[in-house]
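*Asks:* A single structure is presented below for examination.
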Amino acid sequence: MRYGPDNPDATYVQHAYPESTFDTGEVTLNYATTGSADNPAVVLIPAQANSWWSYEAAMKLLADEFEVFAVDLRGQGRSTWTPRRYTVDNMGNDLVRFIAGRVQRPVVVSGNSSGGLIAAWLSAYAPPGMIRGAYLEDAPLFSAEIRPPYGQGTSQAVGPMHQLMNKYLGDQWSIGDWQGFREALPRELPPALLRGLAAMSGRSGGYFGGDEPPQSMKEYDPEWARAFYTGSATASCDHARMLAAVKAPVMFAHHYRTVDEETGTLLGAVSDLQARHVRELITQTGQRFDYASFPEAGHNMHSSDPQLYADTLRDWAASLDITAGTPD
């Protein structure tokens, strides 16, 4: 089966909030919104292989305090798929245009996983005054690079899983061998990585299961996975240089992580060593840096524990009105 915008009847379903689109000039971004325009704005940026609706439960909890915008990044959900153009820089610039043209006021951005990389990018490279603060929810800083200056790179983290996804599913679902992918997981991935993926997902069976792809995967261009394991997604976005350019307060929420003793594989999104260097680089800019450790939390806490996520984001965002821009 081939999924995506060329086969919408097999791909998309309705969700709790109405969806709208915004034309950036290159891509059409799909998004949903809730809450009053009289409240501060927050933009929610999903992880790889997730769409805006992974935030549905959290949006309900945030709607009284914020005007909430949850977006589909290019290549995910109902937003435009752009072969050979899946880079952190392109996605960051998509959201600069979205915030300027649709939200039209300063925002807090909150991104999960690769969405957290894009939130970090916005805290460094968005126009001055656009970003009030950036909440990085288990963002794979350094670990999503091919040769990071600190700790494991993608080949020692989730890269082999991304490679497997693209091998069996293909760019734009051009292969679409879902059954072959499922059968290859225990055969081609290291056992330690399979255990780590299960712990990150909060499910003993890991991220994947079932005779057909989960809804989030149907809405995802597997070329994303190739862009990350080959390094093309991050080649023009050096993480250390980006963090040294941060111009807004940052909250780093750090979830499940450990390192396999036998192989050195990072099980989780980002190691403790890498998180320490994130702190060092951002505090050296003079910007405020807050850190919250949730070692038992799944990678996508906004969907697995939306109350804890919403409380943490809400409390931190409220504090920005008093202390934004001041270092610890």
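Chains: A, B, ... in order of the structure tokens. Residues: from 1 per chain. Ligands: from 1, in order shown.
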Would you give me, as JSON, numbers by chain, the residues in region 95-309 of chain A that DSSP reads as alpha helix (DSSP H)?

*Replies:* {"A": [95, 96, 97, 98, 114, 115, 116, 117, 118, 119, 120, 121, 122, 123, 124, 125, 159, 160, 161, 162, 163, 164, 165, 166, 167, 168, 169, 178, 179, 180, 181, 182, 183, 184, 185, 186, 187, 188, 191, 192, 193, 194, 195, 196, 197, 198, 199, 200, 201, 215, 216, 217, 218, 223, 224, 225, 226, 227, 228, 229, 230, 239, 240, 241, 242, 243, 272, 273, 274, 275, 276, 277, 278, 279, 280, 281, 282, 283, 301, 302, 303, 304, 306, 307, 308, 309]}

*Asks:* Report as number ranges by chain all protein, DNA and RNA residues lying within 12 Å of Glu280 (chain A), evaluated on only C-alpha atoms, omitting residues in the same chain fewer than 3 positions from it.

*Replies:* A: 240, 243-244, 246, 273-277, 283-291, 327-328

*Asks:* I'd like to know which residues of region 32-236 of chain A are strand (DSSP E) (by DSSP, run on the backbone); could you write them as a VMD selection string?

*Replies:* chain A and resid 32 to 34 41 to 45 67 to 71 107 to 112 131 to 137

*Asks:* Looking at A:Pro128, A:Gly25, A:Pro148, A:Gly35, which one is nearest to Ala235 (chain A), with distances taken over only C-alpha atoms?

*Replies:*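 With only C-alpha atoms as the atom set, the closest residue is A:Pro148.
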
*Asks:* With only C-alpha atoms as the counted atoms, please give the residues lying no more than 12 Å from Asn166 (chain A), apart from itself and same-chain residues fewer than 3 positions off, as a list in words.

*Replies:*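 With the cut-off at 12 Å, the set is Gly159, Pro160, Met161, His162, Gln163, Leu169, Gly170, Asp171, Gln172, Trp173, Ser174, Ile175, Gly176, Asp177, Trp178, Gly180, Phe181, Met217, Tyr220, Asp221, Pro222, Glu223, Trp224, Ala225, Arg226, Ala227, Phe228, Tyr229 and Thr230 of chain A.
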
*Asks:* Excluding same-chain residues fewer than 3 positions from Val88 (chain A), what lies within 7 Å of it counting only C-alpha atoms, as a list in words?

*Replies:*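 The residues that qualify are Met91, Gly92, Ile118, Ala233, Thr234 and Cys237 of chain A.
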
*Asks:* Okay, now the selection with all heavy atoms, as a PDB file, in the first residue's frame?

*Replies:*
```pdb
ATOM      1  N   MET A  91      12.647  23.395   7.480  1.00  0.00           N
ATOM      2  CA  MET A  91      11.490  23.298   8.377  1.00  0.00           C
ATOM      3  C   MET A  91      11.445  24.474   9.346  1.00  0.00           C
ATOM      4  O   MET A  91      10.361  24.987   9.666  1.00  0.00           O
ATOM      5  CB  MET A  91      11.534  21.968   9.116  1.00  0.00           C
ATOM      6  CG  MET A  91      11.390  20.770   8.202  1.00  0.00           C
ATOM      7  SD  MET A  91      11.609  19.215   9.080  1.00  0.00           S
ATOM      8  CE  MET A  91      11.950  18.108   7.717  1.00  0.00           C
ATOM      9  N   GLY A  92      12.615  24.913   9.824  1.00  0.00           N
ATOM     10  CA  GLY A  92      12.635  26.094  10.667  1.00  0.00           C
ATOM     11  C   GLY A  92      12.117  27.321   9.942  1.00  0.00           C
ATOM     12  O   GLY A  92      11.313  28.096  10.479  1.00  0.00           O
ATOM     13  N   ILE A 118      13.856  21.628  15.818  1.00  0.00           N
ATOM     14  CA  ILE A 118      13.354  22.794  15.095  1.00  0.00           C
ATOM     15  C   ILE A 118      13.025  23.920  16.070  1.00  0.00           C
ATOM     16  O   ILE A 118      13.265  25.106  15.777  1.00  0.00           O
ATOM     17  CB  ILE A 118      12.150  22.399  14.230  1.00  0.00           C
ATOM     18  CG1 ILE A 118      12.614  21.391  13.168  1.00  0.00           C
ATOM     19  CG2 ILE A 118      11.519  23.602  13.567  1.00  0.00           C
ATOM     20  CD1 ILE A 118      11.499  20.624  12.516  1.00  0.00           C
ATOM     21  N   ALA A 233      19.567  15.857   6.584  1.00  0.00           N
ATOM     22  CA  ALA A 233      18.624  16.710   7.312  1.00  0.00           C
ATOM     23  C   ALA A 233      19.334  17.714   8.211  1.00  0.00           C
ATOM     24  O   ALA A 233      18.822  18.811   8.456  1.00  0.00           O
ATOM     25  CB  ALA A 233      17.671  15.856   8.148  1.00  0.00           C
ATOM     26  N   THR A 234      20.506  17.331   8.714  1.00  0.00           N
ATOM     27  CA  THR A 234      21.201  18.181   9.684  1.00  0.00           C
ATOM     28  C   THR A 234      22.529  18.714   9.161  1.00  0.00           C
ATOM     29  O   THR A 234      23.243  19.408   9.898  1.00  0.00           O
ATOM     30  CB  THR A 234      21.477  17.391  10.979  1.00  0.00           C
ATOM     31  OG1 THR A 234      22.244  16.216  10.659  1.00  0.00           O
ATOM     32  CG2 THR A 234      20.179  16.968  11.645  1.00  0.00           C
ATOM     33  N   CYS A 237      23.082  22.329   9.649  1.00  0.00           N
ATOM     34  CA  CYS A 237      22.650  22.825  10.962  1.00  0.00           C
ATOM     35  C   CYS A 237      23.523  22.186  12.036  1.00  0.00           C
ATOM     36  O   CYS A 237      23.115  21.228  12.700  1.00  0.00           O
ATOM     37  CB  CYS A 237      21.170  22.521  11.188  1.00  0.00           C
ATOM     38  SG  CYS A 237      20.541  23.116  12.772  1.00  0.00           S
TER      39      CYS A 237
END
```
